[in-house]
Amino acid sequence: MSAEYQVQGNLAVITLNNPPVNGLGHATRQAIVQGISRAQEDAAVTAIIITGAGKAFSGGADIKEFNSPKAFAEPSLHTVISVLEEAEKPVIAAIHSVCMGGGLELALGCHYRIASPGAQIALPEVKLGILPGAGGTQRLPRVVGLETALNMIVSGNPVSSEKLAQTALFNQIAEGDLMTAATAFANQVAAVRPLPKVRDIRIDYPNYEAFLQFSRNTVKAMSGPFPAPLACVEAVAAAVSKKFDDGIQFERELFLKLVQTTESKALRHAFFAERAASKLPDVPDDTPVRTIKSVAVVGAGTMGGGIAMNFANAGIPVRILEMKQEALDKGLATIRKNYENTLKKGKLTQEKFEQRVALISGTLDYQEIAQADIVIEAVFEDMSVKQQVFQQLDAVMKPGAILASNTSTLDVDQIAAFTQRPQDVIGTHFFSPANVMKLLEIVRGKLTAKDVLATVMALSKKIRKTGVVSGVCDGFIGNRMIEQYSRQAGYLLEEGCTPEQVDKAVEKLGFAMGPFRMGDLAGNDIGWYIRKRRYVEKPHIIYSKTADLLCEMGRFGQKTGAGWYDYKPGDRKPYPSTVVNDMIVKHSADIGVERRKISDQEITERLIYALVNEAAYILEEGIANRASDIDMVYLTGYGFPLHTGGPMFYADTVGLSNVVRAMEKYAKGRHGEAWKPAPLLAKLAADGKTFN
Ligand code: 3HC
């Protein structure tokens with residue numbers, strides 16, 4: 001049963017029971033309506049309580065149903081809410097833990113609401129690219145006021161029940177047991193008539209138009225490509241300017257439009273993709289995990305320091321090992337400075353600042369990290385250096401400690417083979433800046449134990465990362481794909497583009513940064529180092545020489561004050577560089593390529609489809625478990641625009657046959673061999689299917 005009906009004395013209790021969060025799917029909606037009707041017919045029942053089983057009152061409409069006709073099948077959420085509101089006996093919502101979206105709308109349709117302290121109250125629909133579509137925009141302003149409601153609806157952020165205790169949203173915040181309080185309250189109001197309805201409350205806000213206009217302007221400036229936030233403002237505006245039923249109708253029309261937008265589909269995809277990424281087919285949820293109470297990091301460089309901060313932020317002590325006192329001091333000072341900057345910006349309290357700094361210590365002695373539960377190596381990206389470190393770790397670390405490498409491209413199986421305990425070895429690839437970026441690529445070696453994998457996945461949640469599991473291959477999911485993207489970017493320079501033109505084209509699409517600005521930020525020398533290795537290991541791969549020529553000029557990026565762009569001291573703004581652009585034009589002439597005008601469409605297609613084609617190989621080889629994992633890697637680690645849902649979802653939206661058609665066109669140009677569609681992509685396109 002998706003909702004249980006019980007009669008307790010003179011009260012009917014309807015308990016939503018649709019795990020995990022009592023989503024209001026079709027069956028649950030039906031069960032609520034049936035429950036109300038049974039209660040109405042039972043003369044012995046004087047009032048009805050609605051509550052939720054398990055860990056939520058309700059997480060809202062069942063988002064999984066959104067793409068199916070079930071979402072709109074009767075009884076719709078609107079119908080359910082009307083049935084509650086029109087019930088002849090008092091209906092009391094007993095709210096605990098989570099009351100969100102349609103769950104809150106349902107509660108607003110009840111005559112009374114009682115909540116436990118600490119319940120999370122939200123209308124988070126905007127985060128899914130929609131707006132509350134079952135009266136939330138019309139009823140919430142009537143009980144919490146126009147400004148609070150608008151803030152909640154436009155941000156989608158939860159507010160705790162006790163913060164709303166003074167509003168008309170709650171009739172009571174239950175002190176002790178919620179059901180005991182709800183029962184007492186229900187008995188108190190059993191005879192009250194007429195029954196109070198939120199819809200009957202008038203919103204009293206003189207000069208509301210000025211406030212709404214201000215809100216429109218602010219929200220418009222902040223919502224980028226997403227239409228939902230502004231639609232939220234318009235719907236709330238209707239709550240003050242229209243009659244209730246007209247406002248409901250207006251909200252419904254906006255909801256139906258938004259739910260069909262690509263932006264909303266992309267956000268819903270990202271919501272489920274994030275949750276799916278934490279699941280592995282052969283590692284069940286109940287796999288035992290190892291206890292992680294202390295962490296060690298080898299290397300106090302930029303990555304090591306950033307990695308350490310993640311653990312300190314989560315309250316886990318971390319010790320950093322370095323080879324030289326000077327490097328250790330420098331690394332610890334950088335961490336302290338980072339925290340000081342956050343403190344200065346007011347984003348950290350003095351107390352938290354001190355706690356975090358105190359959790360990070362340094363050492364030069366391997367013995368002093370031996371008892372750590374997990375050690376993460378973040379040293380120079382060179383196999384012989386990794387070998388030395390892992391042999392040392394194998395010698396000193398306590399049995400059962402997890403040995404992780406932050407390598408971004410190297411073979412984790414080879415690293416594991418340097419130890420006598422390959423089952424304890426795993427890759428944890430953080431993205432720079434490691435204390436900020438959400439992505440953690442978790443690299444599963446051939447012999448990595450399942451409990452090690454489960455532990456690291458749980459740990460990634462604890463440090464608030466999106467953990468995505470990758471198999472072992474050169475570059476794993478993210479960097480293996482970016483390699484193809486970078487190669488296309490280099491070819492585009494040779495064929496007629498400037499770095500600025502390429503960057504602008506993808507940034508217009510919503511990328512956080514184009515490839516050349518990204519190179520300047522990350523350091524062009526890193527790619528140079530990797531390419532030099534590839535020239536030896538994989539001589540058949542053809543790269544544009546422009547990036548090597550740039551590095552030969554010493555232009556490594558922002559850190560050297562010059563890269564693809566010029567920089568002014570103390571200013572991260574990129575200025576197009578005549579020297580670099582001349583170098584590129586000369587290089588085209590040197591290799592006999594006649595430069596041509598290249599459209600933004602060609603730029604974006606070549607860059608994105610290069611990613612997609614490589615991703616199809618990655619999927620087919622089982623390096624990624626699912627297409628949506630690849631989307632998560634790109635959304636959380638590479639600044640791929642959220643409103644597109646990630647490269648795979650984007651390709652699905654464009655249509656895979658269209659993607660293949662464009663690739664066939666590019667295959668006729670220079671370096672056409674790169675455009676051979678991966679077998680999986682070709683097959684899905686031919687069958688009219690999608691990745692996701
Ligand atoms: N519908 C369907 N499934 C949902 C769901 C929903 N509304 N909300 C959460 N879930 C599922 C998740 O997919 C996940 O499933 P899984 O275990 O199979 O992966 C499971 O519930 C647990 O989710 P979390 O891992 O996120 O668990 P947390 O405890 O961290 O968080 C939560 C719980 C706060 C409810 C969080 O899941 C959340 O924010 N959910 C989204 C809530 C939301 O957006 N509601 C609005 C829906 S749209 C709506 O109501 C339209 C209406 O206005 C008409």
# chains A, B, ... in the order shown; residues from 1 in each chain; ligands from 1
call {"tool": "residues_near_ligand", "arguments": {"ligand": "ligand 1", "cutoff": "8 Å", "atoms": "only C-alpha atoms and all ligand atoms", "output": "VMD selection string"}}
result
chain A and resid 19 to 25 55 to 56 58 to 65 77 98 to 103 105 120 123 to 125 127 to 128 130 to 136 255 271 to 272 275 to 276 279
call {"tool": "residues_around", "arguments": {"residues": "stretch 516-520 of chain A", "least_positions_apart": "6", "cutoff": "12 Å", "atoms": "only C-alpha atoms", "output": "PyMOL selection string"}}
result
chain A and resi 432+482+485-490+492-493+497-507+526-528+546-547+550-551+554-567+572-576+580+638-639
call {"tool": "residues_around", "arguments": {"residues": "A:Ala616", "least_positions_apart": "4", "cutoff": "9 Å", "atoms": "only C-alpha atoms", "output": "count of residues only"}}
result
12
call {"tool": "select_by_dssp", "arguments": {"residues": "stretch 49-103 of chain A", "states": "strand (DSSP E or B)", "output": "ChimeraX atom specification"}}
result
/A:49-52,58,91-95,98-100
call {"tool": "write_last_selection", "arguments": {"atoms": "N, CA and C atoms", "output": "mmCIF file, in the first residue's frame"}}
result
data_model
loop_
_atom_site.group_PDB
_atom_site.id
_atom_site.type_symbol
_atom_site.label_atom_id
_atom_site.label_comp_id
_atom_site.auth_asym_id
_atom_site.auth_seq_id
_atom_site.Cartn_x
_atom_site.Cartn_y
_atom_site.Cartn_z
ATOM 1 N N ILE A 49 -6.104 12.622 10.353
ATOM 2 C CA ILE A 49 -4.688 13.056 10.405
ATOM 3 C C ILE A 49 -3.970 12.447 9.203
ATOM 4 N N ILE A 50 -3.185 13.281 8.527
ATOM 5 C CA ILE A 50 -2.332 12.741 7.449
ATOM 6 C C ILE A 50 -0.893 12.878 7.897
ATOM 7 N N THR A 51 -0.153 11.786 7.806
ATOM 8 C CA THR A 51 1.263 11.848 8.167
ATOM 9 C C THR A 51 2.070 10.961 7.210
ATOM 10 N N GLY A 52 3.373 10.868 7.431
ATOM 11 C CA GLY A 52 4.195 10.073 6.523
ATOM 12 C C GLY A 52 4.974 9.016 7.285
ATOM 13 N N SER A 58 6.578 14.017 3.279
ATOM 14 C CA SER A 58 6.578 13.721 1.839
ATOM 15 C C SER A 58 7.618 14.575 1.124
ATOM 16 N N VAL A 91 -9.070 18.072 8.547
ATOM 17 C CA VAL A 91 -7.901 17.287 8.141
ATOM 18 C C VAL A 91 -6.659 17.980 8.694
ATOM 19 N N ILE A 92 -5.853 17.221 9.419
ATOM 20 C CA ILE A 92 -4.666 17.785 10.079
ATOM 21 C C ILE A 92 -3.426 17.104 9.504
ATOM 22 N N ALA A 93 -2.485 17.919 9.008
ATOM 23 C CA ALA A 93 -1.222 17.334 8.529
ATOM 24 C C ALA A 93 -0.256 17.260 9.702
ATOM 25 N N ALA A 94 0.283 16.064 9.952
ATOM 26 C CA ALA A 94 1.286 15.895 11.018
ATOM 27 C C ALA A 94 2.630 15.721 10.322
ATOM 28 N N ILE A 95 3.431 16.789 10.366
ATOM 29 C CA ILE A 95 4.615 16.905 9.500
ATOM 30 C C ILE A 95 5.906 16.656 10.276
ATOM 31 N N VAL A 98 10.865 15.746 6.465
ATOM 32 C CA VAL A 98 10.931 16.412 5.157
ATOM 33 C C VAL A 98 9.513 16.689 4.673
ATOM 34 N N CYS A 99 9.253 17.943 4.352
ATOM 35 C CA CYS A 99 7.934 18.286 3.787
ATOM 36 C C CYS A 99 8.216 19.227 2.625
ATOM 37 N N MET A 100 8.255 18.663 1.447
ATOM 38 C CA MET A 100 8.740 19.441 0.310
ATOM 39 C C MET A 100 7.822 19.347 -0.895
#
call {"tool": "closest_residue", "arguments": {"among": "A:Leu195, A:Arg480, A:Ala182, A:Val236", "to": "A:Glu147", "atoms": "only C-alpha atoms"}}
result
A:Val236
call {"tool": "residues_around", "arguments": {"residues": "stretch 386-391 of chain A", "least_positions_apart": "6", "cutoff": "12 Å", "atoms": "only C-alpha atoms", "output": "VMD selection string"}}
result
chain A and resid 297 to 299 321 to 323 366 375 to 380 397 402 to 407 410 to 422 424 to 426
call {"tool": "write_last_selection", "arguments": {"atoms": "C-alpha atoms", "output": "compact mmCIF listing (two decimals), in the first residue's frame"}}
result
# COMPACT_ATOMS: atom_id res chain seq x y z
CA VAL A 297 47.84 13.09 2.47
CA VAL A 298 51.20 12.66 0.78
CA GLY A 299 52.29 15.92 -0.84
CA LEU A 321 53.48 14.25 4.66
CA GLU A 322 56.19 16.08 2.75
CA MET A 323 59.81 15.38 1.94
CA TYR A 366 56.23 8.18 7.06
CA VAL A 375 46.20 7.83 2.88
CA ILE A 376 45.86 9.83 -0.33
CA GLU A 377 48.93 10.30 -2.46
CA ALA A 378 49.09 13.64 -4.29
CA VAL A 379 52.66 13.77 -5.55
CA PHE A 380 54.13 14.50 -8.98
CA MET A 397 50.70 1.73 6.75
CA ILE A 402 43.19 2.35 2.30
CA LEU A 403 45.94 3.49 -0.07
CA ALA A 404 44.59 6.00 -2.56
CA SER A 405 46.21 7.82 -5.44
CA ASN A 406 45.14 11.18 -6.76
CA THR A 407 46.58 10.35 -10.17
CA LEU A 410 48.19 6.94 -14.63
CA ASP A 411 47.37 3.24 -14.41
CA VAL A 412 45.96 2.52 -10.94
CA ASP A 413 46.51 -1.23 -11.43
CA GLN A 414 50.20 -0.63 -11.99
CA ILE A 415 50.31 1.57 -8.90
CA ALA A 416 48.50 -1.16 -6.91
CA ALA A 417 51.06 -3.70 -8.10
CA PHE A 418 53.82 -1.72 -6.31
CA THR A 419 52.24 -2.94 -3.06
CA GLN A 420 51.55 -6.30 -1.45
CA ARG A 421 47.92 -5.23 -0.90
CA PRO A 422 46.40 -4.26 -4.25
CA ASP A 424 43.39 -1.81 -0.60
CA VAL A 425 44.50 0.46 -3.44
CA ILE A 426 42.08 2.81 -5.22
call {"tool": "select_by_dssp", "arguments": {"residues": "stretch 480-567 of chain A", "states": "helix (DSSP H, G or I)", "output": "PyMOL selection string"}}
result
chain A and resi 480-495+499-508+515-522+524-537+546-552+558-560
call {"tool": "closest_residue", "arguments": {"among": "A:Arg533, A:Lys461, A:Lys545, A:Lys163", "to": "A:Thr148", "atoms": "only C-alpha atoms"}}
result
A:Lys163
call {"tool": "atom_distance", "arguments": {"atom1": "atom CA of A:Val295", "atom2": "atom CA of A:Ala312"}}
result
9.4 Å
call {"tool": "closest_residue", "arguments": {"among": "A:Ile203, A:Ile114, A:Ala73, A:Val357", "to": "A:Glu175", "atoms": "only C-alpha atoms"}}
result
A:Ile114
call {"tool": "residues_around", "arguments": {"residues": "stretch 12-16 of chain A", "least_positions_apart": "2", "cutoff": "8 Å", "atoms": "only C-alpha atoms", "output": "VMD selection string"}}
result
chain A and resid 2 to 8 10 18 22 28 32 35 39 45 to 53 57 to 58
call {"tool": "write_last_selection", "arguments": {"atoms": "N, CA and C atoms", "output": "CSV table (one decimal), in the first residue's frame"}}
result
chain,number,residue,atom,x,y,z
A,2,SER,N,0.5,2.2,-0.8
A,2,SER,CA,1.3,3.5,-0.8
A,2,SER,C,0.8,4.5,0.2
A,3,ALA,N,-0.3,4.2,0.8
A,3,ALA,CA,-0.8,5.0,2.0
A,3,ALA,C,-1.6,4.0,2.8
A,4,GLU,N,-1.4,4.1,4.1
A,4,GLU,CA,-2.2,3.2,5.0
A,4,GLU,C,-3.3,3.9,5.7
A,5,TYR,N,-4.5,3.2,5.9
A,5,TYR,CA,-5.6,3.9,6.5
A,5,TYR,C,-5.9,3.1,7.8
A,6,GLN,N,-6.0,3.9,8.9
A,6,GLN,CA,-6.3,3.2,10.2
A,6,GLN,C,-7.2,4.1,10.9
A,7,VAL,N,-8.1,3.5,11.7
A,7,VAL,CA,-8.9,4.3,12.6
A,7,VAL,C,-8.4,4.0,14.0
A,8,GLN,N,-8.1,5.1,14.7
A,8,GLN,CA,-7.6,5.1,16.1
A,8,GLN,C,-8.6,5.9,16.9
A,10,ASN,N,-11.6,7.8,17.6
A,10,ASN,CA,-12.5,8.6,16.8
A,10,ASN,C,-11.7,9.3,15.6
A,18,ASN,N,5.2,5.4,0.8
A,18,ASN,CA,5.8,5.2,-0.5
A,18,ASN,C,7.3,5.5,-0.4
A,22,ASN,N,8.1,9.0,0.4
A,22,ASN,CA,6.7,9.2,0.2
A,22,ASN,C,6.3,10.2,-0.9
A,28,THR,N,-0.2,6.5,-4.6
A,28,THR,CA,-0.3,7.2,-3.3
A,28,THR,C,-1.5,8.2,-3.4
A,32,ILE,N,-4.8,8.3,-0.9
A,32,ILE,CA,-5.2,9.4,-0.1
A,32,ILE,C,-6.7,9.7,-0.3
A,35,GLY,N,-8.8,7.1,1.3
A,35,GLY,CA,-8.7,7.3,2.8
A,35,GLY,C,-9.7,8.3,3.2
A,39,ALA,N,-13.0,7.9,5.5
A,39,ALA,CA,-13.2,8.6,6.8
A,39,ALA,C,-14.5,9.4,6.8
A,45,VAL,N,-15.8,8.6,12.9
A,45,VAL,CA,-14.6,9.4,12.7
A,45,VAL,C,-14.9,10.9,12.8
A,46,THR,N,-14.2,11.6,13.6
A,46,THR,CA,-14.5,13.0,13.8
A,46,THR,C,-13.4,13.9,13.1
A,47,ALA,N,-12.3,13.4,12.9
A,47,ALA,CA,-11.2,14.2,12.3
A,47,ALA,C,-10.2,13.2,11.6
A,48,ILE,N,-9.4,13.8,10.7
A,48,ILE,CA,-8.5,12.9,9.9
A,48,ILE,C,-7.1,13.5,10.1
A,49,ILE,N,-6.1,12.6,10.4
A,49,ILE,CA,-4.7,13.1,10.4
A,49,ILE,C,-4.0,12.4,9.2
A,50,ILE,N,-3.2,13.3,8.5
A,50,ILE,CA,-2.3,12.7,7.4
A,50,ILE,C,-0.9,12.9,7.9
A,51,THR,N,-0.2,11.8,7.8
A,51,THR,CA,1.3,11.8,8.2
A,51,THR,C,2.1,11.0,7.2
A,52,GLY,N,3.4,10.9,7.4
A,52,GLY,CA,4.2,10.1,6.5
A,52,GLY,C,5.0,9.0,7.3
A,53,ALA,N,5.1,7.8,6.7
A,53,ALA,CA,5.9,6.8,7.3
A,53,ALA,C,7.4,7.0,7.0
A,57,PHE,N,7.7,13.3,5.8
A,57,PHE,CA,6.2,13.4,5.6
A,57,PHE,C,6.0,13.2,4.1
A,58,SER,N,6.6,14.0,3.3
A,58,SER,CA,6.6,13.7,1.8
A,58,SER,C,7.6,14.6,1.1
